[in-house]
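Working notes, structure below.
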Amino acid sequence: MRQDLVLLPGLACDARLYAAQTASLADLAAPLVPNLDAASMAEMAEAVLDAAPKRFALAGLSMGGYVAMEIVRRAPSRVTRLALISTTARPDAPEQTAMRRELIELARGDRFGLVMPRLLPKLISAHRRDDAALKRLVIEMADAVGAEAFARQQTAILSRPDSRDDLGRVAVPTAIVCGDADELTPPDRHREMAALVGGATLTVIPGAGHLATLEAPEAVTAALRAWLSA
């Protein structure tokens, strides 16, 4: 029987982030990819819970992972499975906070066009930075999200809590997935989360960067298929 599956996108991303997974997992899951547009994790989580089925498998990449952890805090009984991709349970370090504030200023100062050139080298692994199609897709998603929503998303991320204690209470099948070339949330952050969740499976994908669903779609899909089938 197909499961309801909520896929939460990352910062400045939309449903295209999961295009390969929604197509390849159609035999196992009925996917929902909501827009995340609010200035707090609480608002994002409540909007997802309002739109989601009563019970659902939940996956999130980067910012989507932060929202997934907020949802598990608020409504653990509604989540049947949890997948955290290219994310971290830790709050930002001071230098990350400073960069987010700079990007918010650019977005709100009619200089949103300067944001993605700053972010792209962190989002895409070094060996894919000349991939014109991949870069174009990432920029197109950011343009579709827009400057104001981007600023709200960054504001929400800035205020997110430390989720490490909460992960110790997760009691559903959990998959942790990342690329070994992820500069924003490196593998050690994922090993930490996997150690906190009893029975979690950890998949580290060789060569993939932060946007692992786009850079290594088959490997991410395989990890999620195993998770949905467990």
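Please note that chains go A, B, ... in the order of the structure tokens, that every chain numbers its residues from 1, and that ligands are numbered from 1 in the order shown.
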
Write out as an MDAnalysis selection string all residues of range 16-55 of chain A that backbone DSSP assigns to strand (DSSP E).
chainID A and resid 29:32

Atoms kept (N, CA and C atoms) for selection, written as a short mmCIF file (atom, residue, chain, number, x, y, z; two decimals), in the first residue's frame:
```cif
data_model
loop_
_atom_site.label_atom_id
_atom_site.label_comp_id
_atom_site.auth_asym_id
_atom_site.auth_seq_id
_atom_site.Cartn_x
_atom_site.Cartn_y
_atom_site.Cartn_z
N ALA A 29 4.86 5.68 -2.61
CA ALA A 29 4.46 6.87 -1.85
C ALA A 29 3.62 7.83 -2.68
N ALA A 30 2.70 8.48 -2.00
CA ALA A 30 1.93 9.59 -2.56
C ALA A 30 2.53 10.87 -2.00
N PRO A 31 3.31 11.62 -2.81
CA PRO A 31 4.08 12.72 -2.26
C PRO A 31 3.32 14.05 -2.18
N LEU A 32 3.70 14.83 -1.19
CA LEU A 32 3.26 16.22 -1.05
C LEU A 32 4.52 17.04 -0.79
#
```

So that I can check the surroundings of Asp92 in chain A, please list as number ranges by chain every protein, DNA and RNA residue that reaches within 10 Å of it, counting only C-alpha atoms and ignoring chain neighbours fewer than 2 positions away.
A: 88-90, 94-98, 100, 157-162

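Among A:Ala39, A:Ala15, A:Ala93, A:Leu214, the residue with the shortest atom-to-atom distance to Thr185 in chain A, counting only C-alpha atoms, is A:Ala93.
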
Close residues, Arg74 in chain A itself excluded, 10 Å, only C-alpha atoms, min 3 positions apart in chain, as a short mmCIF file (atom, residue, chain, number, x, y, z; two decimals) with all heavy atoms, in the first residue's frame:
```
data_model
loop_
_atom_site.label_atom_id
_atom_site.label_comp_id
_atom_site.auth_asym_id
_atom_site.auth_seq_id
_atom_site.Cartn_x
_atom_site.Cartn_y
_atom_site.Cartn_z
N ALA A 42 8.04 27.51 13.78
CA ALA A 42 6.72 27.15 14.29
C ALA A 42 5.65 27.36 13.23
O ALA A 42 4.79 26.50 13.00
CB ALA A 42 6.40 27.97 15.54
N ALA A 45 6.03 24.76 10.42
CA ALA A 45 5.58 23.44 10.86
C ALA A 45 4.06 23.37 10.93
O ALA A 45 3.45 22.39 10.48
CB ALA A 45 6.18 23.11 12.22
N GLU A 46 3.43 24.39 11.48
CA GLU A 46 1.97 24.37 11.59
C GLU A 46 1.31 24.40 10.22
O GLU A 46 0.27 23.74 10.00
CB GLU A 46 1.49 25.55 12.44
CG GLU A 46 1.81 25.41 13.92
CD GLU A 46 1.18 24.18 14.56
OE1 GLU A 46 0.08 23.76 14.11
OE2 GLU A 46 1.78 23.61 15.48
N LEU A 49 1.57 20.88 8.87
CA LEU A 49 0.64 19.99 9.57
C LEU A 49 -0.80 20.24 9.14
O LEU A 49 -1.60 19.30 9.04
CB LEU A 49 0.79 20.17 11.08
CG LEU A 49 2.07 19.59 11.68
CD1 LEU A 49 2.29 20.11 13.09
CD2 LEU A 49 2.01 18.05 11.68
N ALA A 68 11.27 19.62 9.58
CA ALA A 68 10.88 18.25 9.94
C ALA A 68 11.10 18.00 11.43
O ALA A 68 10.25 17.39 12.10
CB ALA A 68 11.67 17.25 9.10
N MET A 69 12.22 18.46 11.95
CA MET A 69 12.48 18.27 13.38
C MET A 69 11.49 19.07 14.24
O MET A 69 11.09 18.61 15.32
CB MET A 69 13.93 18.62 13.70
CG MET A 69 14.92 17.58 13.18
SD MET A 69 16.67 17.93 13.53
CE MET A 69 17.17 18.75 12.00
N GLU A 70 11.09 20.23 13.77
CA GLU A 70 10.06 21.00 14.48
C GLU A 70 8.73 20.27 14.46
O GLU A 70 8.01 20.24 15.47
CB GLU A 70 9.92 22.39 13.85
CG GLU A 70 8.91 23.30 14.53
CD GLU A 70 9.32 23.71 15.94
OE1 GLU A 70 10.53 23.74 16.25
OE2 GLU A 70 8.42 24.01 16.74
N ILE A 71 8.38 19.66 13.34
CA ILE A 71 7.13 18.90 13.23
C ILE A 71 7.15 17.71 14.20
O ILE A 71 6.16 17.43 14.88
CB ILE A 71 6.91 18.44 11.78
CG1 ILE A 71 6.52 19.65 10.91
CG2 ILE A 71 5.85 17.35 11.70
CD1 ILE A 71 6.50 19.36 9.43
N SER A 77 3.14 11.95 16.99
CA SER A 77 2.23 10.83 16.70
C SER A 77 1.77 10.82 15.25
O SER A 77 1.26 9.79 14.76
CB SER A 77 1.01 10.89 17.61
OG SER A 77 0.24 12.04 17.37
N ARG A 78 1.94 11.92 14.54
CA ARG A 78 1.50 11.98 13.14
C ARG A 78 2.59 11.52 12.17
O ARG A 78 2.30 11.29 10.99
CB ARG A 78 1.05 13.40 12.79
CG ARG A 78 -0.22 13.81 13.51
CD ARG A 78 -0.70 15.17 13.09
NE ARG A 78 -1.01 15.23 11.66
CZ ARG A 78 -1.41 16.33 11.03
NH1 ARG A 78 -1.56 17.46 11.72
NH2 ARG A 78 -1.67 16.31 9.74
#
```

Can you pull out the residues contacting range 107-113 of chain A? Cut-off 7 Å, using only C-alpha atoms, and skip same-chain residues under 3 positions away; I want them as an NGL selection string.
:A and (103-104 or 116 or 147-148 or 151)

Contacts of Leu11 in chain A within 10 Å, only C-alpha atoms, excl. fewer than 4 positions in-chain, as an MDAnalysis selection string:
chainID A and resid 36:37 61:64 141:142 145 149:151 153:154 157

Non-local contacts of Arg164 in chain A (12 Å; only C-alpha atoms; under 5 positions in same chain excluded) as a short mmCIF file (atom, residue, chain, number, x, y, z; two decimals) with all heavy atoms, in the first residue's frame:
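Done, and the output landed in out_7.cif:
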```
data_model
loop_
_atom_site.label_atom_id
_atom_site.label_comp_id
_atom_site.auth_asym_id
_atom_site.auth_seq_id
_atom_site.Cartn_x
_atom_site.Cartn_y
_atom_site.Cartn_z
N TYR A 66 15.20 21.09 9.17
CA TYR A 66 14.92 21.85 10.39
C TYR A 66 13.42 21.85 10.68
O TYR A 66 12.98 21.70 11.82
CB TYR A 66 15.39 23.31 10.26
CG TYR A 66 16.80 23.51 9.79
CD1 TYR A 66 17.14 24.67 9.08
CD2 TYR A 66 17.81 22.58 10.04
CE1 TYR A 66 18.43 24.88 8.65
CE2 TYR A 66 19.10 22.79 9.60
CZ TYR A 66 19.40 23.94 8.90
OH TYR A 66 20.68 24.16 8.46
N MET A 69 12.22 18.46 11.95
CA MET A 69 12.48 18.27 13.38
C MET A 69 11.49 19.07 14.24
O MET A 69 11.09 18.61 15.32
CB MET A 69 13.93 18.62 13.70
CG MET A 69 14.92 17.58 13.18
SD MET A 69 16.67 17.93 13.53
CE MET A 69 17.17 18.75 12.00
N GLU A 70 11.09 20.23 13.77
CA GLU A 70 10.06 21.00 14.48
C GLU A 70 8.73 20.27 14.46
O GLU A 70 8.01 20.24 15.47
CB GLU A 70 9.92 22.39 13.85
CG GLU A 70 8.91 23.30 14.53
CD GLU A 70 9.32 23.71 15.94
OE1 GLU A 70 10.53 23.74 16.25
OE2 GLU A 70 8.42 24.01 16.74
N ARG A 73 8.76 17.51 16.95
CA ARG A 73 8.58 18.05 18.31
C ARG A 73 7.11 18.30 18.61
O ARG A 73 6.62 18.05 19.70
CB ARG A 73 9.35 19.37 18.46
CG ARG A 73 10.75 19.24 18.98
CD ARG A 73 11.33 20.58 19.38
NE ARG A 73 11.51 21.48 18.25
CZ ARG A 73 12.58 21.48 17.45
NH1 ARG A 73 13.55 20.63 17.67
NH2 ARG A 73 12.67 22.33 16.45
N THR A 88 21.25 19.46 9.69
CA THR A 88 21.93 19.34 10.98
C THR A 88 20.94 19.61 12.09
O THR A 88 19.98 20.38 11.92
CB THR A 88 23.11 20.32 11.09
OG1 THR A 88 23.70 20.21 12.39
CG2 THR A 88 22.68 21.76 10.88
N ALA A 89 21.18 19.00 13.23
CA ALA A 89 20.34 19.25 14.41
C ALA A 89 20.85 20.44 15.21
O ALA A 89 20.17 20.90 16.13
CB ALA A 89 20.30 18.01 15.29
N ARG A 90 22.03 20.94 14.86
CA ARG A 90 22.63 22.04 15.63
C ARG A 90 22.14 23.40 15.15
O ARG A 90 21.83 23.57 13.97
CB ARG A 90 24.16 22.01 15.48
CG ARG A 90 24.80 20.78 16.06
CD ARG A 90 26.30 20.89 15.99
NE ARG A 90 26.95 19.73 16.61
CZ ARG A 90 28.10 19.79 17.25
NH1 ARG A 90 28.75 20.94 17.35
NH2 ARG A 90 28.61 18.70 17.79
N PRO A 91 22.10 24.38 16.02
CA PRO A 91 21.85 25.76 15.58
C PRO A 91 23.08 26.30 14.86
O PRO A 91 24.14 25.67 14.84
CB PRO A 91 21.60 26.51 16.88
CG PRO A 91 22.35 25.73 17.91
CD PRO A 91 22.29 24.29 17.47
N ARG A 169 14.51 11.30 21.25
CA ARG A 169 13.16 10.80 21.54
C ARG A 169 12.45 10.26 20.30
O ARG A 169 11.31 9.81 20.38
CB ARG A 169 12.33 11.92 22.18
CG ARG A 169 12.81 12.30 23.57
CD ARG A 169 11.89 13.30 24.23
NE ARG A 169 12.09 14.65 23.71
CZ ARG A 169 13.00 15.51 24.17
NH1 ARG A 169 13.80 15.15 25.17
NH2 ARG A 169 13.12 16.72 23.67
N VAL A 170 13.09 10.32 19.14
CA VAL A 170 12.47 9.82 17.91
C VAL A 170 12.39 8.30 17.97
O VAL A 170 13.39 7.62 18.24
CB VAL A 170 13.28 10.26 16.67
CG1 VAL A 170 12.76 9.58 15.41
CG2 VAL A 170 13.20 11.79 16.51
N ARG A 189 28.11 16.03 10.88
CA ARG A 189 26.81 16.44 11.45
C ARG A 189 25.78 15.33 11.29
O ARG A 189 24.91 15.14 12.15
CB ARG A 189 26.31 17.71 10.75
CG ARG A 189 27.19 18.93 10.97
CD ARG A 189 27.14 19.39 12.41
NE ARG A 189 27.84 20.63 12.61
CZ ARG A 189 29.05 20.74 13.13
NH1 ARG A 189 29.72 19.65 13.48
NH2 ARG A 189 29.63 21.91 13.30
N HIS A 190 25.88 14.58 10.21
CA HIS A 190 24.94 13.49 9.98
C HIS A 190 25.27 12.27 10.83
O HIS A 190 24.36 11.58 11.31
CB HIS A 190 24.91 13.16 8.49
CG HIS A 190 24.41 14.29 7.66
ND1 HIS A 190 25.23 15.35 7.27
CD2 HIS A 190 23.18 14.57 7.18
CE1 HIS A 190 24.51 16.22 6.58
NE2 HIS A 190 23.27 15.77 6.51
N GLU A 192 26.49 12.50 13.73
CA GLU A 192 25.99 12.90 15.04
C GLU A 192 24.49 12.62 15.16
O GLU A 192 24.03 12.05 16.17
CB GLU A 192 26.26 14.38 15.26
CG GLU A 192 25.72 14.92 16.58
CD GLU A 192 26.02 16.40 16.75
OE1 GLU A 192 25.56 17.22 15.91
OE2 GLU A 192 26.70 16.75 17.73
N MET A 193 23.72 13.01 14.14
CA MET A 193 22.27 12.77 14.20
C MET A 193 21.95 11.29 14.21
O MET A 193 21.07 10.84 14.95
CB MET A 193 21.58 13.46 13.01
CG MET A 193 21.61 14.97 13.08
SD MET A 193 20.59 15.76 11.80
CE MET A 193 21.48 15.31 10.31
N ALA A 194 22.68 10.52 13.40
CA ALA A 194 22.43 9.08 13.35
C ALA A 194 22.70 8.42 14.69
O ALA A 194 22.00 7.48 15.10
CB ALA A 194 23.28 8.44 12.26
N ALA A 195 23.70 8.91 15.40
CA ALA A 195 24.02 8.35 16.71
C ALA A 195 22.96 8.70 17.75
O ALA A 195 22.77 7.97 18.73
CB ALA A 195 25.39 8.86 17.17
N LEU A 196 22.26 9.80 17.54
CA LEU A 196 21.25 10.24 18.51
C LEU A 196 19.93 9.50 18.36
O LEU A 196 19.17 9.38 19.33
CB LEU A 196 21.01 11.74 18.35
CG LEU A 196 22.15 12.66 18.80
CD1 LEU A 196 21.90 14.09 18.35
CD2 LEU A 196 22.32 12.61 20.31
N VAL A 197 19.62 9.04 17.15
CA VAL A 197 18.34 8.37 16.89
C VAL A 197 18.56 6.86 16.93
O VAL A 197 19.32 6.31 16.13
CB VAL A 197 17.76 8.76 15.53
CG1 VAL A 197 16.41 8.07 15.31
CG2 VAL A 197 17.60 10.28 15.42
#
```

Give one line per residue of range 27-136 of chain A that approaches range 176-179 of chain A to at most 6 Å, naming the two atoms of the closest pair and their distance in Å to one decimal, counting only C-alpha atoms; sort by chain then ascending residue number and deliver it as JSON lines.
```
{"residue": "A:Ala83", "atom": "CA", "partner": "A:Ile176", "partner_atom": "CA", "distance": 5.8}
{"residue": "A:Leu84", "atom": "CA", "partner": "A:Ile176", "partner_atom": "CA", "distance": 5.0}
{"residue": "A:Ile85", "atom": "CA", "partner": "A:Val177", "partner_atom": "CA", "distance": 4.7}
{"residue": "A:Ser86", "atom": "CA", "partner": "A:Cys178", "partner_atom": "CA", "distance": 4.9}
```

Going by DSSP on the backbone, which residues of chain A come out as alpha helix (DSSP H)? List them as a ChimeraX atom specification.
/A:19-24,41-51,63-74,94-108,115-123,132-145,147-158,164-167,187-196,212-215,217-229

Between CA of Ala212 in chain A and CA of Asp50 in chain A, what is the distance in Å, rounded to a tenth?
27.8 Å

Contacts of Asp130 in chain A within 12 Å, only C-alpha atoms, excl. fewer than 5 positions in-chain, as number ranges by chain:
A: 120-121, 124-125, 135-136

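Minimum atom-to-atom distances from A:Cys13, A:Val138, A:Leu82, A:Val220 to Leu25 in chain A were compared using only C-alpha atoms, and the lowest value belongs to A:Val220.
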